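Read the structure below first, then the notes.
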Amino acid sequence: MGRLLGLGCSAVLLSFLAVGGAQADVVSGNELWDNCQDSNKLQFCNGYILGAAQAYSITRPMKSQPFFCLSPEVQDQQVLDVVTTYLREHPEKRQWPGPTLIIFALGEKFPCNQGRQ
């Protein structure tokens with residue numbers, strides 16, 4: 001995944017670090033959806049989605065079964081399309097944390113095959 005993914009991962013990780021000892025406010029699915037619909041906030045939306053996907057991929061415990069598997073051929077725009085489509089099609093879940101919805105969306109469209117992680 002490309003340059004946007006690296007920028008997104010950095011943005012998400014920096015947002016966690018900036019909070020320090022305080023409890024981090026997690027972006028809800030509603031907030032994420034609203035940002036994705038606002039052309040002035042689209043960069044935040046894209047960075048958040050790609051960053052959360054990357055952060056999950058690198059922080060998942062090695063022995064746990066991953067929720068999703070992205071092959072090297074998957075483009076950033078595909079990830080963005082899958083997640084925003086999931087948010088549009090599941091308004092009843094948008095009160096859930098944004099990272100949770102991102103993982104569910106990617107797990108639905110990019111499930112892991114046995115032997116491939």
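By order in the structure tokens, chains are A, B, ...; within a chain, residues start at 1; ligands start at 1, following the order shown.
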
Sorted by chain and rising residue number, list the residues of stretch 39-76 of chain A at most 10 Å from stretch 99-102 of chain A (counting only C-alpha atoms), each with its closest atom pair and distance in Å to one decimal, as CSV.
```
residue,atom,partner,partner_atom,distance
A:Tyr48,CA,A:Pro99,CA,8.6
A:Ile49,CA,A:Ile102,CA,6.7
A:Leu50,CA,A:Ile102,CA,9.1
A:Gly51,CA,A:Pro99,CA,9.5
A:Ala52,CA,A:Pro99,CA,6.0
A:Ala53,CA,A:Ile102,CA,7.0
A:Ala55,CA,A:Pro99,CA,9.7
A:Tyr56,CA,A:Pro99,CA,8.7
```

For the residues in that selection, give me C-alpha atoms as a short mmCIF file (atom, residue, chain, number, x, y, z; two decimals), in the first residue's frame.
```cif
data_model
loop_
_atom_site.label_atom_id
_atom_site.label_comp_id
_atom_site.auth_asym_id
_atom_site.auth_seq_id
_atom_site.Cartn_x
_atom_site.Cartn_y
_atom_site.Cartn_z
CA TYR A 48 -7.52 7.78 9.30
CA ILE A 49 -8.82 4.77 7.38
CA LEU A 50 -5.46 3.83 5.89
CA GLY A 51 -3.65 4.51 9.15
CA ALA A 52 -6.04 2.36 11.18
CA ALA A 53 -5.71 -0.50 8.68
CA ALA A 55 -1.83 0.08 12.61
CA TYR A 56 -3.99 -3.03 13.00
#
```

Fill in: Distance of atom CA of A:Ala105 from atom CA of A:Gln77, expressed in Å to one decimal place
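Atom-to-atom, atom CA of A:Gln77 and atom CA of A:Ala105 are spaced 14.0 Å apart.
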
(request) Enumerate the residues of stretch 39-96 of chain A with a DSSP assignment of helix (DSSP H, G or I), computed from the backbone, and present them as a PyMOL selection string. (result) chain A and resi 42-59+76-89+91-93

The residue from A:Cys112, A:Cys45, A:Val27, A:Ile58 with the smallest atom-to-atom distance to A:Asp81, counting only C-alpha atoms, is A:Cys45

| task | Provide the atom CA of A:Val74 to atom CA of A:Gly29 distance in Å, to one decimal place. | result |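 For atom CA of A:Val74 relative to atom CA of A:Gly29, the distance reads 23.1 Å.
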
Need to verify the contact set: A:Gln37, 12 Å, only C-alpha atoms, exclusion of same-chain residues closer than 4 positions in sequence. Can you return it as JSON, numbers by chain? {"A": [30, 31, 32, 33, 41, 42, 43, 44, 45, 46, 84, 85, 87, 88]}

Atomic distance atom CA of A:Phe104 - atom CA of A:Gln78, expressed in Å with one decimal
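That distance, rounded to one decimal, is 14.9 Å.
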
- request: Write out as number ranges by chain the residues lying within 6 Å of A:Phe68, counting only C-alpha atoms and excluding same-chain residues fewer than 5 positions away.
  value: A: 106-107, 110-112
